[in-house]
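Below is one structure; the comments refer to it alone.
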Amino acid sequence: MQAKKIAIIGAGVMGKKHAQTIVKHPHAELVAVCDPFSDVLAQEFNVPNYKDLEELFNNAELDGVVIANPNRFHVSTAIQCMEYGITCLLEKPLALNTEEALSLIEVQQKLNVPILVGHHRRHNKIIQQAKEIIDAGSLGQINTFNALWSVYKPDSYFDIEWHRVAGAGVLAINLVHDLDLMRYLNGEIESVQAMTSTKNRSLEVEDTISILVRFKNGSLGTLLASDAAVSPWGWDQNTEENKNSFAVSPDQDCYFISGSEGALSIPNLEYWNYPKDQLKSWATPLIKNKVEPNKEEDVYINQLTHFIDVIDGKAEPISSPKDAIQNIQLLECIEQAANTQRTVHIEHLEFLQKTA
Ligand SMILES: NC(=O)c1ccc[n+]([C@@H]2O[C@H](COP(=O)([O-])OP(=O)(O)OC[C@H]3O[C@@H](n4cnc5c(N)ncnc54)[C@H](O)[C@@H]3O)[C@@H](O)[C@H]2O)c1
């Protein structure tokens with residue numbers, strides 16, 4: 001297979017991560033970088049840096065691009081790439097808000113160019129294993145989905161001004177990935193309630209949040225998070241996905257799912273149920289079964305392999321704009337629920353049903 005020629009738009013922290021992934025991948029080739037403000041990444045990887053998209057598209061032969069520029073440019077950049085017919089891997093978040101995300105989807109429906117949104121955790125093999133267990137019906141009818149993300153961000157994190165103001169808290173920055181996985185594993189969310197606290201750091205931005213969700217399949221969920229709590233419970237600590245930034249506690253779990261037939265903890269994939277021939281009762285001892293979690297594979301390599309399949313037309317994006325817009329809606333609804341102290345229903349977007 002000929003290596004796919006890929007450029008990176010936005011040469012910051014994530015741009016570098018993607019560049020490192022591309023050069024490691026046997027079927028991808030980094031051909032250019034596009035960043036108006038920095039040549040450093042291009043120099044490091046010995047490829048040209050173009051100052052704008054026109055220049056990139058006029059000079060580089062491309063099969064795809066990775067968009068990792070600041071969030072406020074995601075939609076305009078993706079639209080320009082689609083106009084050139086170039087398949088994109090667009091970093092999360094898809095857009096700043098639902099309205100902007102809808103404008104991107106409208107253009108995509110006309111131009112029909114695929115976009116993979118960078119909800120990279122979906123590419124973790126452990127998530128695929130968990131999904132297989134759930135989809136096989138091993139838990140029966142799911143009743144509860146309990147998720148935790150608790151960690152202590154160093155005080156210096158808040159020296160950066162925008163980290164201290166509303167909108168840059170644990171909800172917008174960290175929980176979008178957990179919400180995405182809750183939806184991926186257990187289906188769409190119908191309504192939310194939420195409470196936030198600023199008590200621990202006394203900043204404008206929330207440091208702690210508790211979210212209640214009602215899934216469309218009738219199950220209930222909680223997502224409890226704090227960036228001012230000392231704890232080993234959270235995806236980043238319990239997997240090795242992000243071990244350059246997070247110290248790991250791999251023996252701990254952060255998602256606990258239970259249903260009418262069994263329970264599953266993630267990422268260690270312990271599955272609990274009653275022995276087949278015994279009474280289903282709280283008095284019957286549970287059996288603990290262990291599925292060996294596949295911790296070996298690099299989630300970014302897996303994401304890139306999927307992106308190459310999307311470029312080749314062999315796969316539909318596992319996270320498309322029509323899917324990822326629901327994460328943006330969720331963030332908005334959770335914020336509204338926390339501000340009003342009311343249950344907020346997620347608005348149903350008509351086109352989702354048509355294309356489901
Ligand atoms: N998937 C994840 O877990 C994850 C983690 C971190 C960040 N992100 C996302 O990745 C994106 C980049 O984040 P980051 O932490 O790398 O930011 P960053 O600030 O380190 O890098 C952004 C880069 O974009 C460049 N840039 C600015 N305007 C540009 C433009 N118009 N065109 C091209 N480049 C431009 C800047 O010069 C900078 O080099 C964000 O959307 C962020 O949400 C995703």
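Identifiers in this document derive from the order of the structure tokens: chains are assigned A, B, ..., residues are numbered from 1 separately in each chain, and ligands are numbered from 1 in order of occurrence.
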
As a quick test: using only C-alpha atoms and all ligand atoms, which residues lie no more than 7 Å away from ligand 1? Give them as a count of residues only.
24

Excluding A:Tyr271 and its own-chain neighbours fewer than 5 positions away, which residues fall within 9 Å of it when counting only C-alpha atoms? Please give them as a list of chain:residue names.
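Here the answer would be A:Ile133, A:Ser138, A:Leu139, A:Gly262, A:Ala263, A:Leu264, A:Ser265, A:Ile287, A:Lys288, A:Asn289, A:Lys290, A:Val291.
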
Using backbone DSSP assignments, extract all strand (DSSP E or B) residues from stretch 78-215 of chain A; output them as number ranges by chain.
A: 87-90, 115-117, 142-150, 152, 189-197, 208-215

Filtered DSSP result for stretch 66-255 of chain A, state alpha helix (DSSP H), as a PDB file with N, CA, C and O atoms, in the first residue's frame:
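Produced file part_19.pdb, reproduced below:
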ATOM      1  N   HIS A  74     -11.503  25.607  14.039  1.00  0.00           N
ATOM      2  CA  HIS A  74     -11.791  24.247  13.559  1.00  0.00           C
ATOM      3  C   HIS A  74     -12.780  24.235  12.388  1.00  0.00           C
ATOM      4  O   HIS A  74     -12.543  23.588  11.367  1.00  0.00           O
ATOM      5  N   VAL A  75     -13.903  24.945  12.559  1.00  0.00           N
ATOM      6  CA  VAL A  75     -14.962  24.862  11.543  1.00  0.00           C
ATOM      7  C   VAL A  75     -14.513  25.517  10.244  1.00  0.00           C
ATOM      8  O   VAL A  75     -14.631  24.919   9.160  1.00  0.00           O
ATOM      9  N   SER A  76     -13.950  26.728  10.314  1.00  0.00           N
ATOM     10  CA  SER A  76     -13.545  27.406   9.065  1.00  0.00           C
ATOM     11  C   SER A  76     -12.453  26.605   8.348  1.00  0.00           C
ATOM     12  O   SER A  76     -12.460  26.479   7.118  1.00  0.00           O
ATOM     13  N   THR A  77     -11.531  26.026   9.108  1.00  0.00           N
ATOM     14  CA  THR A  77     -10.448  25.242   8.480  1.00  0.00           C
ATOM     15  C   THR A  77     -11.014  23.979   7.815  1.00  0.00           C
ATOM     16  O   THR A  77     -10.663  23.655   6.673  1.00  0.00           O
ATOM     17  N   ALA A  78     -11.896  23.292   8.534  1.00  0.00           N
ATOM     18  CA  ALA A  78     -12.460  22.040   7.978  1.00  0.00           C
ATOM     19  C   ALA A  78     -13.268  22.354   6.719  1.00  0.00           C
ATOM     20  O   ALA A  78     -13.211  21.597   5.734  1.00  0.00           O
ATOM     21  N   ILE A  79     -13.978  23.471   6.724  1.00  0.00           N
ATOM     22  CA  ILE A  79     -14.773  23.823   5.532  1.00  0.00           C
ATOM     23  C   ILE A  79     -13.841  24.085   4.347  1.00  0.00           C
ATOM     24  O   ILE A  79     -14.061  23.592   3.239  1.00  0.00           O
ATOM     25  N   GLN A  80     -12.769  24.826   4.603  1.00  0.00           N
ATOM     26  CA  GLN A  80     -11.818  25.101   3.500  1.00  0.00           C
ATOM     27  C   GLN A  80     -11.203  23.799   2.963  1.00  0.00           C
ATOM     28  O   GLN A  80     -11.053  23.641   1.762  1.00  0.00           O
ATOM     29  N   CYS A  81     -10.873  22.871   3.866  1.00  0.00           N
ATOM     30  CA  CYS A  81     -10.308  21.589   3.413  1.00  0.00           C
ATOM     31  C   CYS A  81     -11.328  20.820   2.583  1.00  0.00           C
ATOM     32  O   CYS A  81     -10.989  20.242   1.545  1.00  0.00           O
ATOM     33  N   MET A  82     -12.576  20.806   3.047  1.00  0.00           N
ATOM     34  CA  MET A  82     -13.613  20.083   2.293  1.00  0.00           C
ATOM     35  C   MET A  82     -13.781  20.691   0.909  1.00  0.00           C
ATOM     36  O   MET A  82     -13.993  19.986  -0.074  1.00  0.00           O
ATOM     37  N   GLU A  83     -13.669  22.028   0.819  1.00  0.00           N
ATOM     38  CA  GLU A  83     -13.807  22.675  -0.498  1.00  0.00           C
ATOM     39  C   GLU A  83     -12.711  22.230  -1.457  1.00  0.00           C
ATOM     40  O   GLU A  83     -12.901  22.221  -2.659  1.00  0.00           O
ATOM     41  N   THR A  98     -23.085  24.446  19.162  1.00  0.00           N
ATOM     42  CA  THR A  98     -23.935  23.640  18.271  1.00  0.00           C
ATOM     43  C   THR A  98     -24.191  24.351  16.954  1.00  0.00           C
ATOM     44  O   THR A  98     -24.171  23.727  15.879  1.00  0.00           O
ATOM     45  N   GLU A  99     -24.421  25.668  17.033  1.00  0.00           N
ATOM     46  CA  GLU A  99     -24.745  26.415  15.814  1.00  0.00           C
ATOM     47  C   GLU A  99     -23.597  26.315  14.790  1.00  0.00           C
ATOM     48  O   GLU A  99     -23.820  26.067  13.601  1.00  0.00           O
ATOM     49  N   GLU A 100     -22.384  26.490  15.311  1.00  0.00           N
ATOM     50  CA  GLU A 100     -21.220  26.414  14.430  1.00  0.00           C
ATOM     51  C   GLU A 100     -21.068  24.991  13.865  1.00  0.00           C
ATOM     52  O   GLU A 100     -20.752  24.805  12.694  1.00  0.00           O
ATOM     53  N   ALA A 101     -21.304  23.992  14.720  1.00  0.00           N
ATOM     54  CA  ALA A 101     -21.187  22.590  14.279  1.00  0.00           C
ATOM     55  C   ALA A 101     -22.214  22.305  13.177  1.00  0.00           C
ATOM     56  O   ALA A 101     -21.920  21.610  12.203  1.00  0.00           O
ATOM     57  N   LEU A 102     -23.418  22.876  13.327  1.00  0.00           N
ATOM     58  CA  LEU A 102     -24.452  22.661  12.304  1.00  0.00           C
ATOM     59  C   LEU A 102     -24.035  23.268  10.970  1.00  0.00           C
ATOM     60  O   LEU A 102     -24.294  22.697   9.911  1.00  0.00           O
ATOM     61  N   SER A 103     -23.347  24.425  11.032  1.00  0.00           N
ATOM     62  CA  SER A 103     -22.927  25.058   9.765  1.00  0.00           C
ATOM     63  C   SER A 103     -21.902  24.168   9.056  1.00  0.00           C
ATOM     64  O   SER A 103     -21.916  24.040   7.834  1.00  0.00           O
ATOM     65  N   LEU A 104     -21.033  23.500   9.836  1.00  0.00           N
ATOM     66  CA  LEU A 104     -20.059  22.580   9.229  1.00  0.00           C
ATOM     67  C   LEU A 104     -20.781  21.384   8.585  1.00  0.00           C
ATOM     68  O   LEU A 104     -20.476  20.983   7.461  1.00  0.00           O
ATOM     69  N   ILE A 105     -21.754  20.850   9.314  1.00  0.00           N
ATOM     70  CA  ILE A 105     -22.462  19.662   8.805  1.00  0.00           C
ATOM     71  C   ILE A 105     -23.237  19.998   7.525  1.00  0.00           C
ATOM     72  O   ILE A 105     -23.282  19.202   6.580  1.00  0.00           O
ATOM     73  N   GLU A 106     -23.796  21.210   7.495  1.00  0.00           N
ATOM     74  CA  GLU A 106     -24.532  21.631   6.300  1.00  0.00           C
ATOM     75  C   GLU A 106     -23.601  21.630   5.073  1.00  0.00           C
ATOM     76  O   GLU A 106     -23.947  21.112   4.012  1.00  0.00           O
ATOM     77  N   VAL A 107     -22.411  22.190   5.238  1.00  0.00           N
ATOM     78  CA  VAL A 107     -21.450  22.218   4.118  1.00  0.00           C
ATOM     79  C   VAL A 107     -21.042  20.784   3.768  1.00  0.00           C
ATOM     80  O   VAL A 107     -20.965  20.405   2.597  1.00  0.00           O
ATOM     81  N   GLN A 108     -20.811  19.958   4.797  1.00  0.00           N
ATOM     82  CA  GLN A 108     -20.384  18.584   4.531  1.00  0.00           C
ATOM     83  C   GLN A 108     -21.436  17.812   3.743  1.00  0.00           C
ATOM     84  O   GLN A 108     -21.107  17.007   2.875  1.00  0.00           O
ATOM     85  N   GLN A 109     -22.716  18.085   4.051  1.00  0.00           N
ATOM     86  CA  GLN A 109     -23.774  17.371   3.332  1.00  0.00           C
ATOM     87  C   GLN A 109     -23.748  17.718   1.839  1.00  0.00           C
ATOM     88  O   GLN A 109     -24.061  16.888   1.003  1.00  0.00           O
ATOM     89  N   LYS A 110     -23.337  18.955   1.520  1.00  0.00           N
ATOM     90  CA  LYS A 110     -23.257  19.352   0.105  1.00  0.00           C
ATOM     91  C   LYS A 110     -22.007  18.782  -0.561  1.00  0.00           C
ATOM     92  O   LYS A 110     -22.047  18.298  -1.678  1.00  0.00           O
ATOM     93  N   LEU A 111     -20.880  18.826   0.150  1.00  0.00           N
ATOM     94  CA  LEU A 111     -19.600  18.481  -0.488  1.00  0.00           C
ATOM     95  C   LEU A 111     -19.243  17.004  -0.357  1.00  0.00           C
ATOM     96  O   LEU A 111     -18.436  16.468  -1.115  1.00  0.00           O
ATOM     97  N   LYS A 125      -8.200  -0.103  22.288  1.00  0.00           N
ATOM     98  CA  LYS A 125      -8.691  -1.484  22.158  1.00  0.00           C
ATOM     99  C   LYS A 125      -9.533  -1.890  23.366  1.00  0.00           C
ATOM    100  O   LYS A 125     -10.433  -2.721  23.257  1.00  0.00           O
ATOM    101  N   ILE A 126      -9.216  -1.323  24.528  1.00  0.00           N
ATOM    102  CA  ILE A 126      -9.995  -1.684  25.734  1.00  0.00           C
ATOM    103  C   ILE A 126     -11.452  -1.235  25.559  1.00  0.00           C
ATOM    104  O   ILE A 126     -12.384  -1.936  25.970  1.00  0.00           O
ATOM    105  N   ILE A 127     -11.627  -0.082  24.942  1.00  0.00           N
ATOM    106  CA  ILE A 127     -12.998   0.392  24.696  1.00  0.00           C
ATOM    107  C   ILE A 127     -13.697  -0.526  23.699  1.00  0.00           C
ATOM    108  O   ILE A 127     -14.878  -0.862  23.846  1.00  0.00           O
ATOM    109  N   GLN A 128     -12.947  -0.976  22.691  1.00  0.00           N
ATOM    110  CA  GLN A 128     -13.541  -1.918  21.727  1.00  0.00           C
ATOM    111  C   GLN A 128     -13.913  -3.218  22.429  1.00  0.00           C
ATOM    112  O   GLN A 128     -14.979  -3.786  22.183  1.00  0.00           O
ATOM    113  N   GLN A 129     -13.049  -3.679  23.351  1.00  0.00           N
ATOM    114  CA  GLN A 129     -13.348  -4.915  24.094  1.00  0.00           C
ATOM    115  C   GLN A 129     -14.598  -4.718  24.966  1.00  0.00           C
ATOM    116  O   GLN A 129     -15.473  -5.572  25.019  1.00  0.00           O
ATOM    117  N   ALA A 130     -14.651  -3.565  25.646  1.00  0.00           N
ATOM    118  CA  ALA A 130     -15.805  -3.290  26.523  1.00  0.00           C
ATOM    119  C   ALA A 130     -17.084  -3.233  25.694  1.00  0.00           C
ATOM    120  O   ALA A 130     -18.132  -3.764  26.087  1.00  0.00           O
ATOM    121  N   LYS A 131     -16.984  -2.607  24.530  1.00  0.00           N
ATOM    122  CA  LYS A 131     -18.177  -2.483  23.669  1.00  0.00           C
ATOM    123  C   LYS A 131     -18.658  -3.858  23.218  1.00  0.00           C
ATOM    124  O   LYS A 131     -19.863  -4.116  23.164  1.00  0.00           O
ATOM    125  N   GLU A 132     -17.686  -4.721  22.904  1.00  0.00           N
ATOM    126  CA  GLU A 132     -18.075  -6.079  22.482  1.00  0.00           C
ATOM    127  C   GLU A 132     -18.819  -6.806  23.616  1.00  0.00           C
ATOM    128  O   GLU A 132     -19.814  -7.482  23.381  1.00  0.00           O
ATOM    129  N   ILE A 133     -18.316  -6.657  24.850  1.00  0.00           N
ATOM    130  CA  ILE A 133     -18.962  -7.321  25.997  1.00  0.00           C
ATOM    131  C   ILE A 133     -20.393  -6.785  26.164  1.00  0.00           C
ATOM    132  O   ILE A 133     -21.351  -7.532  26.344  1.00  0.00           O
ATOM    133  N   ILE A 134     -20.529  -5.474  26.078  1.00  0.00           N
ATOM    134  CA  ILE A 134     -21.850  -4.854  26.261  1.00  0.00           C
ATOM    135  C   ILE A 134     -22.781  -5.240  25.108  1.00  0.00           C
ATOM    136  O   ILE A 134     -23.920  -5.667  25.331  1.00  0.00           O
ATOM    137  N   ASP A 135     -22.269  -5.113  23.873  1.00  0.00           N
ATOM    138  CA  ASP A 135     -23.123  -5.387  22.705  1.00  0.00           C
ATOM    139  C   ASP A 135     -23.521  -6.865  22.627  1.00  0.00           C
ATOM    140  O   ASP A 135     -24.555  -7.204  22.046  1.00  0.00           O
ATOM    141  N   VAL A 170     -13.147  21.886  34.238  1.00  0.00           N
ATOM    142  CA  VAL A 170     -13.038  20.446  34.063  1.00  0.00           C
ATOM    143  C   VAL A 170     -14.093  19.921  33.070  1.00  0.00           C
ATOM    144  O   VAL A 170     -13.839  18.975  32.317  1.00  0.00           O
ATOM    145  N   VAL A 176     -15.324  16.052  28.073  1.00  0.00           N
ATOM    146  CA  VAL A 176     -15.927  15.777  26.774  1.00  0.00           C
ATOM    147  C   VAL A 176     -15.597  14.348  26.311  1.00  0.00           C
ATOM    148  O   VAL A 176     -16.441  13.664  25.715  1.00  0.00           O
ATOM    149  N   HIS A 177     -14.394  13.859  26.654  1.00  0.00           N
ATOM    150  CA  HIS A 177     -14.019  12.498  26.247  1.00  0.00           C
ATOM    151  C   HIS A 177     -14.824  11.447  27.026  1.00  0.00           C
ATOM    152  O   HIS A 177     -15.196  10.413  26.472  1.00  0.00           O
ATOM    153  N   ASP A 178     -15.060  11.703  28.318  1.00  0.00           N
ATOM    154  CA  ASP A 178     -15.844  10.734  29.112  1.00  0.00           C
ATOM    155  C   ASP A 178     -17.289  10.691  28.607  1.00  0.00           C
ATOM    156  O   ASP A 178     -17.888   9.620  28.484  1.00  0.00           O
ATOM    157  N   LEU A 179     -17.842  11.885  28.326  1.00  0.00           N
ATOM    158  CA  LEU A 179     -19.222  11.924  27.826  1.00  0.00           C
ATOM    159  C   LEU A 179     -19.315  11.195  26.485  1.00  0.00           C
ATOM    160  O   LEU A 179     -20.260  10.459  26.227  1.00  0.00           O
ATOM    161  N   ASP A 180     -18.290  11.388  25.654  1.00  0.00           N
ATOM    162  CA  ASP A 180     -18.273  10.711  24.350  1.00  0.00           C
ATOM    163  C   ASP A 180     -18.278   9.189  24.542  1.00  0.00           C
ATOM    164  O   ASP A 180     -19.016   8.474  23.870  1.00  0.00           O
ATOM    165  N   LEU A 181     -17.477   8.707  25.507  1.00  0.00           N
ATOM    166  CA  LEU A 181     -17.427   7.256  25.720  1.00  0.00           C
ATOM    167  C   LEU A 181     -18.717   6.734  26.357  1.00  0.00           C
ATOM    168  O   LEU A 181     -19.146   5.615  26.054  1.00  0.00           O
ATOM    169  N   MET A 182     -19.317   7.524  27.227  1.00  0.00           N
ATOM    170  CA  MET A 182     -20.591   7.083  27.819  1.00  0.00           C
ATOM    171  C   MET A 182     -21.619   6.869  26.709  1.00  0.00           C
ATOM    172  O   MET A 182     -22.348   5.880  26.682  1.00  0.00           O
ATOM    173  N   ARG A 183     -21.641   7.803  25.750  1.00  0.00           N
ATOM    174  CA  ARG A 183     -22.578   7.675  24.611  1.00  0.00           C
ATOM    175  C   ARG A 183     -22.183   6.497  23.725  1.00  0.00           C
ATOM    176  O   ARG A 183     -23.030   5.738  23.256  1.00  0.00           O
ATOM    177  N   TYR A 184     -20.877   6.355  23.484  1.00  0.00           N
ATOM    178  CA  TYR A 184     -20.406   5.304  22.578  1.00  0.00           C
ATOM    179  C   TYR A 184     -20.762   3.921  23.133  1.00  0.00           C
ATOM    180  O   TYR A 184     -21.192   3.023  22.412  1.00  0.00           O
ATOM    181  N   LEU A 185     -20.607   3.777  24.455  1.00  0.00           N
ATOM    182  CA  LEU A 185     -20.819   2.458  25.059  1.00  0.00           C
ATOM    183  C   LEU A 185     -22.286   2.184  25.382  1.00  0.00           C
ATOM    184  O   LEU A 185     -22.716   1.040  25.365  1.00  0.00           O
ATOM    185  N   ASN A 186     -23.049   3.231  25.711  1.00  0.00           N
ATOM    186  CA  ASN A 186     -24.400   2.973  26.228  1.00  0.00           C
ATOM    187  C   ASN A 186     -25.494   3.734  25.479  1.00  0.00           C
ATOM    188  O   ASN A 186     -26.610   3.821  25.969  1.00  0.00           O
ATOM    189  N   TRP A 235      -9.802   8.145  33.650  1.00  0.00           N
ATOM    190  CA  TRP A 235      -9.300   7.471  32.449  1.00  0.00           C
ATOM    191  C   TRP A 235      -7.806   7.693  32.258  1.00  0.00           C
ATOM    192  O   TRP A 235      -7.060   6.784  31.924  1.00  0.00           O
ATOM    193  N   ASP A 236      -7.375   8.947  32.470  1.00  0.00           N
ATOM    194  CA  ASP A 236      -5.977   9.266  32.191  1.00  0.00           C
ATOM    195  C   ASP A 236      -5.025   8.559  33.149  1.00  0.00           C
ATOM    196  O   ASP A 236      -3.910   8.208  32.766  1.00  0.00           O
ATOM    197  N   GLN A 237      -5.447   8.357  34.406  1.00  0.00           N
ATOM    198  CA  GLN A 237      -4.583   7.645  35.349  1.00  0.00           C
ATOM    199  C   GLN A 237      -4.696   6.119  35.172  1.00  0.00           C
ATOM    200  O   GLN A 237      -3.733   5.403  35.426  1.00  0.00           O
ATOM    201  N   ASN A 238      -5.869   5.651  34.756  1.00  0.00           N
ATOM    202  CA  ASN A 238      -6.101   4.208  34.759  1.00  0.00           C
ATOM    203  C   ASN A 238      -5.723   3.520  33.446  1.00  0.00           C
ATOM    204  O   ASN A 238      -5.697   2.303  33.356  1.00  0.00           O
TER     205      ASN A 238
END

Please determine, counting only C-alpha atoms, which residue among A:Ile257, A:His163, A:Leu304, A:Ile67 has the shortest atom-to-atom distance to A:Lys4.
A:Leu304

For A:Asp309, which residue out of A:Asn59, A:Pro48, A:Thr87, A:Gln20 is the nearest one, using only C-alpha atoms?
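Selected residue with least distance to A:Asp309: A:Thr87.
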
Residue nearest A:Tyr152 among A:Ala225, A:Ile86, A:Ala168, A:Val40 (counting only C-alpha atoms):
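Ranked by minimum distance to A:Tyr152, first place goes to A:Ala225.
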
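The closest residue to A:Thr222, picked from A:Ile328, A:Ala7, A:Leu148, A:Leu171 and counting only C-alpha atoms, is A:Leu148.
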
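Counting only C-alpha atoms and comparing A:Lys5, A:Lys243, A:Lys216, A:His348, the residue that lies closest to A:Ile308 is A:Lys5.
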
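Taking atom CA of A:Phe351 and atom CA of A:Ser320 as endpoints, the distance between them is 13.3 Å.
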
Within 8 Å of A:Pro114 using only C-alpha atoms, minus same-chain residues under 2 positions, as a list in words:
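With the cut-off at 8 Å, the set is Thr87, Cys88, Gln108, Asn112, Leu116, Val310, Ile311, Glu316, Pro317 and Ser320 of chain A.
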
As an exercise, work out the distance from atom CA of A:Leu94 to atom CA of A:Cys333 in Å and give it to one decimal place.
16.2 Å

Which of these, A:Asn174, A:Asp312, A:Ser281, A:Glu241, has the shortest distance to A:Met1 once you count only C-alpha atoms?
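Closest residue, counting only C-alpha atoms: A:Asp312.
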
Please report the interatomic distance between atom CA of A:Asn268 and atom CA of A:Pro232 in Å with one decimal.
13.7 Å
